[in-house]
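Printed here is structure01.cif (mmCIF, C-alpha atoms):
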data_data
loop_
_atom_site.label_atom_id
_atom_site.label_comp_id
_atom_site.auth_asym_id
_atom_site.auth_seq_id
_atom_site.Cartn_x
_atom_site.Cartn_y
_atom_site.Cartn_z
CA MET W 1 113.90 81.16 88.48
CA ASN W 2 111.31 78.87 90.09
CA GLU W 3 113.28 79.09 93.34
CA ILE W 4 113.29 82.89 93.12
CA LEU W 5 109.51 83.02 92.66
CA ALA W 6 108.87 80.45 95.38
CA ALA W 7 110.94 82.47 97.85
CA ALA W 8 109.23 85.70 96.79
CA ASP W 9 105.81 84.15 97.36
CA ILE W 10 106.72 83.31 100.97
CA VAL W 11 108.22 86.74 101.67
CA ALA W 12 105.28 88.59 100.13
CA ALA W 13 102.74 86.45 102.00
CA ALA W 14 104.47 87.16 105.31
CA ARG W 15 104.34 90.89 104.53
CA ARG W 16 100.64 90.79 103.66
CA GLU W 17 99.67 88.77 106.73
CA ARG W 18 102.06 90.52 109.15
CA THR W 19 103.42 87.11 110.09
CA PRO W 20 107.03 86.98 111.30
CA LEU W 21 109.20 85.53 108.56
CA ALA W 22 111.09 82.37 109.47
CA PRO W 23 114.21 81.22 107.60
CA LEU W 24 113.27 80.20 104.08
CA PRO W 25 113.45 76.50 103.16
CA ALA W 26 117.02 75.52 102.37
CA ASN W 27 116.26 74.65 98.75
CA ILE W 28 115.00 78.18 97.94
CA ALA W 29 116.77 80.39 100.50
CA PRO W 30 119.13 82.90 98.85
CA GLN W 31 122.76 82.00 99.45
CA HIS W 32 124.17 85.29 98.22
CA GLU W 33 122.96 88.89 98.33
CA SER W 34 122.73 88.90 94.53
CA ASP W 35 120.06 86.20 94.85
CA GLY W 36 118.39 88.26 97.56
CA TYR W 37 118.05 91.20 95.17
CA ARG W 38 116.47 88.95 92.53
CA ILE W 39 113.91 87.83 95.08
CA GLN W 40 113.40 91.45 96.14
CA ASP W 41 112.47 92.39 92.56
CA ALA W 42 109.92 89.57 92.48
CA VAL W 43 108.51 90.63 95.87
CA HIS W 44 108.02 94.16 94.52
CA ASP W 45 106.03 92.78 91.60
CA LEU W 46 103.86 90.67 93.91
CA LEU W 47 103.09 93.50 96.33
CA ALA W 48 102.64 96.31 93.82
CA ARG W 49 98.89 95.78 93.40
CA GLU W 50 98.05 96.46 97.05
CA GLN W 51 101.00 98.67 98.02
CA GLY W 52 101.27 100.82 94.92
CA ARG W 53 104.34 101.41 92.80
CA LEU W 54 107.83 101.76 94.22
CA ALA W 55 107.98 105.41 95.24
CA ASP W 56 111.33 105.68 96.97
CA TYR W 57 114.53 103.80 97.70
CA LYS W 58 116.20 103.14 101.02
CA ILE W 59 119.81 102.36 101.81
CA GLY W 60 120.63 100.44 104.96
CA CYS W 61 123.90 99.89 106.82
CA THR W 62 125.54 103.14 105.73
CA SER W 63 126.65 104.20 109.22
CA PRO W 64 129.05 102.47 111.63
CA VAL W 65 126.37 102.26 114.32
CA MET W 66 123.99 100.41 112.00
CA GLN W 67 126.68 98.17 110.49
CA GLN W 68 127.69 97.12 113.99
CA TYR W 69 124.09 96.66 115.10
CA LEU W 70 123.14 94.46 112.14
CA GLY W 71 126.53 92.82 111.71
CA ILE W 72 126.68 93.72 108.00
CA PRO W 73 129.75 95.78 107.02
CA HIS W 74 128.43 97.32 103.80
CA PRO W 75 125.34 99.10 102.43
CA CYS W 76 122.21 97.27 101.32
CA GLY W 77 119.30 98.61 99.28
CA GLY W 78 115.54 98.26 99.27
CA GLY W 79 112.36 99.87 98.05
CA VAL W 80 109.51 101.86 99.60
CA PHE W 81 105.99 101.64 98.17
CA THR W 82 103.73 104.65 97.66
CA ARG W 83 101.35 103.55 100.41
CA GLY W 84 104.20 103.71 102.87
CA VAL W 85 105.12 107.35 102.22
CA HIS W 86 103.65 109.93 104.61
CA ALA W 87 103.94 113.64 105.29
CA SER W 88 105.23 115.03 108.58
CA GLY W 89 102.63 114.84 111.34
CA ALA W 90 101.30 111.47 110.18
CA ALA W 91 99.30 109.42 112.69
CA LEU W 92 100.08 105.75 112.09
CA ASN W 93 98.63 102.59 113.63
CA HIS W 94 101.15 100.73 115.76
CA ARG W 95 99.21 97.50 115.08
CA ASP W 96 99.90 97.75 111.35
CA PHE W 97 103.43 96.49 112.01
CA VAL W 98 104.97 93.40 113.54
CA ARG W 99 107.54 95.37 115.57
CA VAL W 100 107.85 98.92 114.36
CA GLY W 101 110.95 101.04 114.65
CA VAL W 102 112.20 104.38 113.36
CA GLU W 103 115.45 105.78 112.07
CA CYS W 104 116.71 109.33 111.59
CA GLU W 105 117.59 109.99 107.95
CA ILE W 106 118.62 112.54 105.37
CA ALA W 107 116.55 111.97 102.25
CA VAL W 108 117.48 113.33 98.84
CA ARG W 109 115.12 114.14 95.97
CA LEU W 110 116.47 113.93 92.45
CA GLY W 111 115.91 116.71 89.94
CA ARG W 112 117.29 114.72 87.03
CA ASP W 113 118.01 111.12 86.11
CA LEU W 114 121.04 109.12 87.19
CA ASP W 115 120.86 106.86 84.17
CA ALA W 116 122.57 103.49 84.25
CA THR W 117 124.40 104.32 81.03
CA ALA W 118 126.31 107.09 82.84
CA ALA W 119 127.72 104.81 85.56
CA PRO W 120 129.97 104.63 87.45
CA PHE W 121 128.90 107.54 89.61
CA THR W 122 130.93 109.41 92.19
CA ALA W 123 129.66 111.43 95.14
CA ASP W 124 130.05 114.59 93.03
CA THR W 125 128.31 113.30 89.91
CA ALA W 126 125.49 111.83 91.98
CA ALA W 127 125.11 115.05 93.96
CA GLY W 128 124.70 116.99 90.73
CA ALA W 129 121.34 115.29 90.21
CA ILE W 130 119.96 116.30 93.63
CA ASP W 131 117.18 118.89 93.65
CA ALA W 132 116.38 118.97 97.38
CA TYR W 133 116.80 117.34 100.76
CA HIS W 134 114.16 116.23 103.26
CA PRO W 135 114.43 115.50 106.97
CA ALA W 136 113.05 111.98 107.16
CA ILE W 137 111.88 109.23 109.45
CA GLU W 138 112.43 105.81 108.00
CA ILE W 139 109.83 103.39 109.30
CA VAL W 140 111.23 99.89 109.72
CA ASP W 141 109.55 96.67 110.76
CA ASP W 142 111.21 93.73 112.49
CA ARG W 143 108.97 91.22 110.73
CA TYR W 144 111.23 88.23 111.35
CA VAL W 145 111.23 85.34 113.76
CA ASP W 146 114.87 86.24 114.45
CA TRP W 147 116.56 88.79 112.19
CA GLN W 148 119.94 88.00 113.74
CA THR W 149 119.94 84.49 112.27
CA ILE W 150 117.86 84.85 109.10
CA GLY W 151 120.85 86.04 107.08
CA ALA W 152 121.64 89.15 105.04
CA PRO W 153 120.48 87.68 101.69
CA THR W 154 116.98 87.06 103.06
CA LEU W 155 116.89 90.48 104.72
CA VAL W 156 117.74 91.97 101.33
CA ALA W 157 114.97 89.91 99.71
CA ASP W 158 112.51 91.49 102.14
CA ASP W 159 113.65 95.10 101.51
CA PHE W 160 115.95 95.16 104.50
CA PHE W 161 113.29 96.01 107.14
CA ALA W 162 111.75 98.80 105.00
CA ALA W 163 108.16 99.65 105.93
CA GLY W 164 107.77 103.26 104.82
CA CYS W 165 108.89 106.77 105.60
CA VAL W 166 107.71 110.14 106.83
CA LEU W 167 109.06 113.17 104.99
CA GLY W 168 109.47 116.71 106.24
CA GLU W 169 109.43 119.76 104.01
CA ALA W 170 111.84 119.84 101.09
CA ILE W 171 114.88 122.09 101.44
CA PRO W 172 116.46 123.19 98.13
CA ARG W 173 119.95 121.84 97.75
CA ALA W 174 121.39 125.33 97.27
CA ARG W 175 120.26 126.30 100.78
CA VAL W 176 122.25 123.55 102.50
CA SER W 177 125.86 124.57 102.95
CA ASP W 178 127.37 121.50 104.60
CA LEU W 179 125.47 118.21 104.69
CA VAL W 180 128.24 116.44 106.60
CA SER W 181 127.77 118.65 109.65
CA VAL W 182 123.99 118.23 109.84
CA ILE W 183 123.16 116.98 113.33
CA GLY W 184 120.29 114.52 113.59
CA ARG W 185 118.54 114.22 116.95
CA ALA W 186 115.97 111.52 117.61
CA LEU W 187 113.36 112.42 120.21
CA ILE W 188 110.75 109.98 121.51
CA ASN W 189 107.95 111.54 123.55
CA GLY W 190 110.02 114.70 123.83
CA VAL W 191 113.16 112.99 125.14
CA GLU W 192 116.33 112.81 123.05
CA VAL W 193 117.36 109.17 122.77
CA ALA W 194 120.04 109.29 120.05
CA ARG W 195 121.95 111.60 117.74
CA GLY W 196 124.31 111.43 114.80
CA THR W 197 125.65 113.54 111.95
CA GLY W 198 125.64 113.52 108.18
CA ALA W 199 129.26 112.40 108.32
CA ASP W 200 128.09 109.09 109.83
CA VAL W 201 126.50 108.11 106.50
CA LEU W 202 129.47 106.58 104.62
CA GLY W 203 131.37 109.79 105.36
CA HIS W 204 128.86 111.80 103.28
CA PRO W 205 125.25 111.06 102.23
CA HIS W 206 126.20 111.79 98.63
CA LEU W 207 128.47 108.73 98.74
CA ALA W 208 125.45 106.65 99.78
CA LEU W 209 123.49 108.01 96.82
CA ALA W 210 126.37 107.16 94.47
CA TRP W 211 126.49 103.65 95.93
CA LEU W 212 122.79 103.11 95.21
CA ALA W 213 123.02 104.54 91.68
CA ASN W 214 125.95 102.22 90.90
CA HIS W 215 124.22 99.25 92.54
CA LEU W 216 121.12 99.75 90.40
CA ALA W 217 123.16 100.42 87.26
CA ALA W 218 124.84 97.02 87.64
CA SER W 219 121.40 95.52 86.90
CA GLY W 220 120.58 98.03 84.17
CA LYS W 221 118.32 100.12 86.41
CA SER W 222 118.34 103.89 86.78
CA LEU W 223 117.34 106.45 89.36
CA ARG W 224 114.89 108.95 87.85
CA ALA W 225 114.02 112.60 88.40
CA GLY W 226 111.53 112.81 91.26
CA ASP W 227 112.86 109.72 93.04
CA ILE W 228 113.50 110.11 96.75
CA VAL W 229 116.32 108.17 98.37
CA LEU W 230 116.66 107.56 102.11
CA THR W 231 120.43 107.60 102.49
CA GLY W 232 120.76 105.69 105.76
CA SER W 233 120.20 106.17 109.46
CA LEU W 234 122.30 108.55 111.52
CA VAL W 235 121.32 106.62 114.65
CA LYS W 236 120.70 103.08 115.79
CA THR W 237 117.15 101.85 115.17
CA ILE W 238 114.68 102.91 117.86
CA TRP W 239 111.91 100.37 118.55
CA LEU W 240 108.57 101.88 119.52
CA ASP W 241 105.70 101.22 121.87
CA ALA W 242 102.09 102.04 121.08
CA GLY W 243 101.42 105.71 121.73
CA ASP W 244 104.97 106.89 121.07
CA ARG W 245 105.52 110.31 119.51
CA VAL W 246 108.55 110.63 117.24
CA LEU W 247 110.42 113.79 116.27
CA MET W 248 113.58 113.86 114.21
CA ASP W 249 115.41 117.21 114.30
CA LEU W 250 118.04 117.51 111.56
CA SER W 251 119.49 120.97 112.31
CA GLU W 252 119.41 123.10 109.15
CA LEU W 253 117.22 120.57 107.30
CA GLY W 254 114.38 121.03 109.77
CA GLN W 255 112.14 118.62 111.63
CA VAL W 256 109.84 115.72 110.83
CA ALA W 257 107.29 114.14 113.18
CA ALA W 258 104.93 111.20 113.44
CA ARG W 259 102.99 109.31 116.07
CA PHE W 260 102.25 105.60 116.38
CA ASP W 261 98.93 105.09 118.17
#

Output the structure of this file as structure tokens.
Amino acid sequence: MNEILAAADIVAAARRERTPLAPLPANIAPQHESDGYRIQDAVHDLLAREQGRLADYKIGCTSPVMQQYLGIPHPCGGGVFTRGVHASGAALNHRDFVRVGVECEIAVRLGRDLDATAAPFTADTAAGAIDAYHPAIEIVDDRYVDWQTIGAPTLVADDFFAAGCVLGEAIPRARVSDLVSVIGRALINGVEVARGTGADVLGHPHLALAWLANHLAASGKSLRAGDIVLTGSLVKTIWLDAGDRVLMDLSELGQVAARFD
């Protein structure tokens, strides 16, 4: 446990100071993703005072394009603090990040609990808890000396690049006929730079939600009514310059926008 707390102290300090995180010392670096999640929990506790409670969850590496980009062939989870959640149209400071990027996401809002005692969950049972969808921008931050060599367990410990999100208006689940065919278009300064579909997220975003619910249940944790889950990017991460304007257009789910001045 001392190693877990020592690693969490370093990760949390790097987040607070916006200092790129170097590989952790060998004697405390997580060797397995399970250790990374233990450190992640401790990091959440350390950052909660200044960042607020955990408001949302994010799932990374749910699409082939992101799995290939990061070299990790399976989903990974992380948390988003209340101070990192913004409404569409948000004006954010580019200097508040080490190297800020954005991703185009389908977010789900739960209307009832997915309690750990009911696991394992399937796409259908997880979907039954969904109240609404949001078009979403996940804000990510490359806050590493070299993310390509730092290792997946340490990325997990640091919430897998998570730095916040921007949410568009909620769309009731009953109004969305086919989530798989939703087309997500990422536009930077009015120019489309990438696109993907709901099918790119593990075949269906509901499968990503089921993965997260089962992942949390394995540690006795539950998703609760009101939780919002970012199910994974439809496109490869887009790294931003100061002054960039971001618009994500997710067909029948609507649009969400932000700028990074």

Review point. Smallest atom-to-atom distance to Leu250 in chain W: which of W:Cys165, W:Cys104, W:Leu212, W:Ala126, using all atoms listed in the file?
Key: W:Cys104

Point to revise | Point-to-point distance from CA of Ala225 in chain W to CA of Asp131 in chain W, Å rounded to tenths | key: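 Atom-to-atom, CA of Ala225 in chain W and CA of Asp131 in chain W are spaced 8.8 Å apart.
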
Review point. Neighbours of Asp227 in chain W within 6 Å (all atoms listed in the file; same-chain residues fewer than 2 positions away dropped), as a list of chain:residue names?
Key: W:Asp56, W:Arg109, W:Leu110, W:Arg224, W:Ala225

Exercise for review: Tell me, as a count of residues only, which residues lie within 8 Å of His74 in chain W, counting only C-alpha atoms; anything in the same chain fewer than 6 positions away does not count.
Suggested key: 3

Exercise for review: Run through the PyMOL selection byres ((chain W and resi 177-188) around 6) on the given coordinates and return the selected residues as an MDAnalysis selection string.
Suggested key: chainID W and resid 176 189:199 204 245:251

**Study point:** Between CA of Thr237 in chain W and CA of Gln255 in chain W - distance in Å to one decimal
**Key:**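 Rounded to one decimal, the two atoms are 17.9 Å apart.
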
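With all atoms listed in the file as the atoms that count, the residue of W:Asp41, W:Asp113, W:Asp9, W:Asp200 with the shortest distance to Pro64 in chain W is W:Asp200.
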
Exercise for review: Check the smallest atom-to-atom distance from each of W:His86, W:Lys221, W:Arg53, W:Arg99 to Arg259 in chain W using all atoms listed in the file, then report the winner.
Suggested key: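 For Arg259 in chain W, the nearest of the given residues is W:His86.
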
**Study point:** Distance query Asn214 in chain W at most 7 Å, only C-alpha atoms, self and fewer than 3 positions along chain excluded, as a PyMOL selection string
**Key:** chain W and resi 119-121+210-211+217-218

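Selection check: the PyMOL selection byres ((chain W and resi 83) around 7) on the shown file gives W:Gln51, W:Gly52, W:Phe81, W:Thr82, W:Gly84, W:Val85.
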
Review point. Nearest to Ala162 in chain W among W:Ala132, W:Ala127, W:Ala107, W:Val80, with distances taken over all atoms listed in the file: which residue is it?
Key: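 With all atoms listed in the file as the atom set, the closest residue is W:Val80.
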
**Study point:** Local residues around (96.9, 95.3, 100.7), at most 10 Å away, using only C-alpha atoms, as a PyMOL selection string
**Key:** chain W and resi 15-17+47-52+83
